[in-house]
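The file target_14.pdb contains PDB, C-alpha atoms:
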```
ATOM      1  CA  MET A  65      -3.449 -12.171  32.359
ATOM      2  CA  LYS A  66      -5.437 -10.886  29.404
ATOM      3  CA  LYS A  67      -8.988  -9.614  29.725
ATOM      4  CA  TYR A  68     -11.628 -10.361  27.092
ATOM      5  CA  ARG A  69     -15.283  -9.490  26.811
ATOM      6  CA  VAL A  70     -17.502 -12.201  25.327
ATOM      7  CA  ASN A  71     -21.174 -12.126  24.455
ATOM      8  CA  VAL A  72     -23.155 -15.333  24.985
ATOM      9  CA  ASN A  73     -26.825 -15.323  23.975
ATOM     10  CA  GLY A  74     -27.075 -11.576  24.489
ATOM     11  CA  THR A  75     -25.321 -11.526  27.868
ATOM     12  CA  ALA A  76     -21.884  -9.875  28.083
ATOM     13  CA  TYR A  77     -19.234 -11.514  30.267
ATOM     14  CA  GLU A  78     -15.752 -10.260  31.093
ATOM     15  CA  ILE A  79     -13.182 -13.040  31.414
ATOM     16  CA  GLU A  80      -9.483 -13.203  32.221
ATOM     17  CA  LEU A  81      -7.210 -15.780  30.638
ATOM     18  CA  GLU A  82      -3.767 -16.671  31.865
ATOM     19  CA  GLU A  83      -1.133 -17.762  29.375
ATOM     20  CA  LEU A  84       0.658 -20.830  30.700
ATOM     21  CA  THR A  85       4.331 -21.307  29.914
ATOM     22  CA  GLY A  86       6.814 -24.061  30.507
ATOM     23  CA  ASP A  87       7.284 -27.596  29.265
ATOM     24  CA  MET A  88       4.120 -29.388  28.309
ATOM     25  CA  PRO A  89       3.868 -33.128  27.681
ATOM     26  CA  ALA A  90       4.153 -33.944  23.982
ATOM     27  CA  ALA A  91       0.663 -35.485  23.876
ATOM     28  CA  SER A  92      -1.009 -32.222  24.860
ATOM     29  CA  ALA A  93       1.232 -29.806  22.973
ATOM     30  CA  PRO A  94      -0.712 -27.751  20.410
ATOM     31  CA  ALA A  95       0.032 -28.130  16.738
ATOM     32  CA  PRO A  96       2.362 -25.438  15.412
ATOM     33  CA  ALA A  97       0.582 -22.471  13.846
ATOM     34  CA  ALA A  98       0.832 -21.879  10.144
ATOM     35  CA  ALA A  99       2.701 -18.623   9.769
ATOM     36  CA  PRO A 100       1.381 -16.306   7.075
ATOM     37  CA  ALA A 101       3.763 -15.329   4.337
ATOM     38  CA  SER A 102       5.846 -12.274   5.067
ATOM     39  CA  VAL A 103       4.150  -9.145   3.818
ATOM     40  CA  PRO A 104       6.500  -6.421   2.517
ATOM     41  CA  GLY A 105       6.143  -3.266   4.590
ATOM     42  CA  ALA A 106       4.104  -4.990   7.312
ATOM     43  CA  ASP A 107       6.406  -3.709  10.064
ATOM     44  CA  SER A 108       6.092  -0.098   8.916
ATOM     45  CA  ASP A 109       2.316  -0.526   8.469
ATOM     46  CA  ALA A 110       1.974  -1.825  12.033
ATOM     47  CA  ALA A 111       3.963   1.136  13.338
ATOM     48  CA  ARG A 112       1.606   3.712  11.825
ATOM     49  CA  GLY A 113      -1.686   1.841  12.060
ATOM     50  CA  GLU A 114      -3.978   0.115  14.525
ATOM     51  CA  ARG A 115      -3.249  -3.584  14.799
ATOM     52  CA  VAL A 116      -6.187  -6.022  14.648
ATOM     53  CA  THR A 117      -5.192  -9.301  16.322
ATOM     54  CA  ALA A 118      -6.804 -12.692  16.809
ATOM     55  CA  PRO A 119      -8.720 -12.813  20.107
ATOM     56  CA  MET A 120      -8.330 -16.610  20.310
ATOM     57  CA  PRO A 121      -6.678 -19.508  18.472
ATOM     58  CA  GLY A 122      -8.500 -20.808  15.420
ATOM     59  CA  THR A 123      -8.676 -21.001  11.641
ATOM     60  CA  ILE A 124      -9.393 -18.098   9.299
ATOM     61  CA  VAL A 125     -12.371 -19.147   7.155
ATOM     62  CA  SER A 126     -12.986 -15.844   5.370
ATOM     63  CA  VAL A 127     -10.996 -12.681   4.637
ATOM     64  CA  ASN A 128     -13.361  -9.905   3.553
ATOM     65  CA  VAL A 129     -10.866  -7.055   2.994
ATOM     66  CA  LYS A 130      -7.672  -6.400   1.078
ATOM     67  CA  PRO A 131      -4.985  -3.715   1.400
ATOM     68  CA  GLY A 132      -6.292  -0.364   0.210
ATOM     69  CA  ASP A 133      -9.943  -1.063   1.101
ATOM     70  CA  MET A 134     -11.776   1.423   3.325
ATOM     71  CA  ALA A 135     -13.277  -0.150   6.440
ATOM     72  CA  THR A 136     -15.948   1.250   8.721
ATOM     73  CA  ARG A 137     -16.182   0.726  12.468
ATOM     74  CA  GLY A 138     -18.021  -2.557  13.127
ATOM     75  CA  GLN A 139     -17.493  -3.943   9.609
ATOM     76  CA  VAL A 140     -16.676  -7.666   9.441
ATOM     77  CA  LEU A 141     -13.019  -7.864   8.373
ATOM     78  CA  MET A 142     -12.691 -11.639   8.562
ATOM     79  CA  ILE A 143     -14.197 -14.716  10.176
ATOM     80  CA  LEU A 144     -12.258 -16.881  12.623
ATOM     81  CA  GLU A 145     -13.487 -20.387  13.369
ATOM     82  CA  ALA A 146     -12.720 -21.547  16.897
ATOM     83  CA  MET A 147     -14.253 -24.492  18.724
ATOM     84  CA  LYS A 148     -16.609 -25.094  15.762
ATOM     85  CA  MET A 149     -18.037 -21.582  16.064
ATOM     86  CA  GLU A 150     -17.556 -18.762  13.578
ATOM     87  CA  ASN A 151     -16.399 -15.515  15.202
ATOM     88  CA  GLU A 152     -16.597 -12.219  13.332
ATOM     89  CA  ILE A 153     -13.474 -10.065  13.570
ATOM     90  CA  LEU A 154     -14.814  -6.507  13.446
ATOM     91  CA  SER A 155     -13.100  -3.276  12.502
ATOM     92  CA  PRO A 156     -12.391  -1.212  15.622
ATOM     93  CA  ARG A 157     -12.438   2.067  13.634
ATOM     94  CA  ASP A 158     -13.041   3.711  10.293
ATOM     95  CA  GLY A 159      -9.925   3.683   8.157
ATOM     96  CA  LYS A 160      -7.928   2.354   5.244
ATOM     97  CA  ILE A 161      -6.667  -1.244   5.405
ATOM     98  CA  LEU A 162      -2.868  -0.920   5.291
ATOM     99  CA  SER A 163      -2.080  -4.634   5.321
ATOM    100  CA  VAL A 164      -3.742  -8.028   5.617
ATOM    101  CA  ASN A 165      -1.383 -10.381   7.420
ATOM    102  CA  THR A 166      -3.259 -13.680   7.127
ATOM    103  CA  THR A 167      -5.003 -15.767   4.497
ATOM    104  CA  LYS A 168      -8.083 -17.958   4.251
ATOM    105  CA  GLY A 169      -7.321 -21.353   5.812
ATOM    106  CA  ALA A 170      -4.469 -20.070   8.016
ATOM    107  CA  THR A 171      -4.237 -21.327  11.584
ATOM    108  CA  VAL A 172      -3.676 -18.473  14.028
ATOM    109  CA  GLN A 173      -2.916 -18.198  17.727
ATOM    110  CA  SER A 174      -4.281 -15.672  20.193
ATOM    111  CA  GLY A 175      -2.593 -12.332  19.500
ATOM    112  CA  THR A 176      -1.598 -13.132  15.902
ATOM    113  CA  LEU A 177      -1.608  -9.984  13.745
ATOM    114  CA  LEU A 178      -4.507 -10.235  11.291
ATOM    115  CA  CYS A 179      -4.506  -6.789   9.684
ATOM    116  CA  VAL A 180      -3.553  -3.151  10.206
ATOM    117  CA  ILE A 181      -5.908  -0.164   9.815
ATOM    118  CA  ASP A 182      -4.583   3.363   9.239
ATOM    119  CA  ARG A 183      -4.855   5.488  12.397
ATOM    120  CA  ARG A 184      -4.922   8.732  10.443
ATOM    121  CA  SER A 185      -8.188   8.047   8.594
TER
END
```
Full structure transcribed into structure tokens:
Amino acid sequence: MKKYRVNVNGTAYEIELEELTGDMPAASAPAPAAAPASVPGADSDAARGERVTAPMPGTIVSVNVKPGDMATRGQVLMILEAMKMENEILSPRDGKILSVNTTKGATVQSGTLLCVIDRRS
């Protein structure tokens, strides 16, 4: 089970989602996710930085940062469209963007690595 906090019309809700596994009928199987191109050094960046992951499946409609940029806590890093709604992916901390692991138009799943922010900043 994973816990998420969502805000709907100014009211915060805490929800738990359970990941289902096993064989699913072909008609209801989700389309495969488009994997972003491999980024050199991404593994080492993830080891020394804070990982920002997708909170839900969707499509990246905007990437507002690039490696080397300085981000501030609460800054919009990218926008994820899910269920016809645009969701802002915010920076959890101040720091330098070590890597951006997705691109505009990419389809991502819940938990997909989107970017890494330096922990030391």
- request: Kindly resolve the PyMOL selection byres ((chain A and resi 151-156) around 12) on the present coordinates and return the residues as a ChimeraX atom specification.
  value: /A:70-72,113-129,134-150,157-161,177-183
field: Pairwise distance for atom CA of Leu81 of chain A and atom CA of Val172 of chain A, rounded to one decimal in Å
entry: 17.2 Å
Atom pair atom CA of Arg69 of chain A / atom CA of Asn165 of chain A: separation (Å): 23.9 Å
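Atom CA of Asp133 of chain A to atom CA of Arg112 of chain A spans 16.5 Å [interatomic distance, one decimal].
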How big is the axis-aligned box around the listed atoms of segment 144-158 of chain A once 3 Å is added on each side, and where is its centre? Give both in Å to one decimal, as JSON.
```
{"center_x": -15.1, "center_y": -10.7, "center_z": 14.5, "size_x": 11.8, "size_y": 34.8, "size_z": 14.4}
```
- request: Determine the residue set returned by the PyMOL selection byres ((chain A and resi 167) around 7) for the present structure, and present it as a PyMOL selection string.
  value: chain A and resi 100+124+127+166+168-170
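Every protein or nucleic acid residue with an atom no more than 9 Å from Lys66 of chain A, counting only C-alpha atoms and leaving out same-chain residues fewer than 6 positions away, appears here: Ile79, Glu80, Leu81, Glu82 and Glu83 of chain A.
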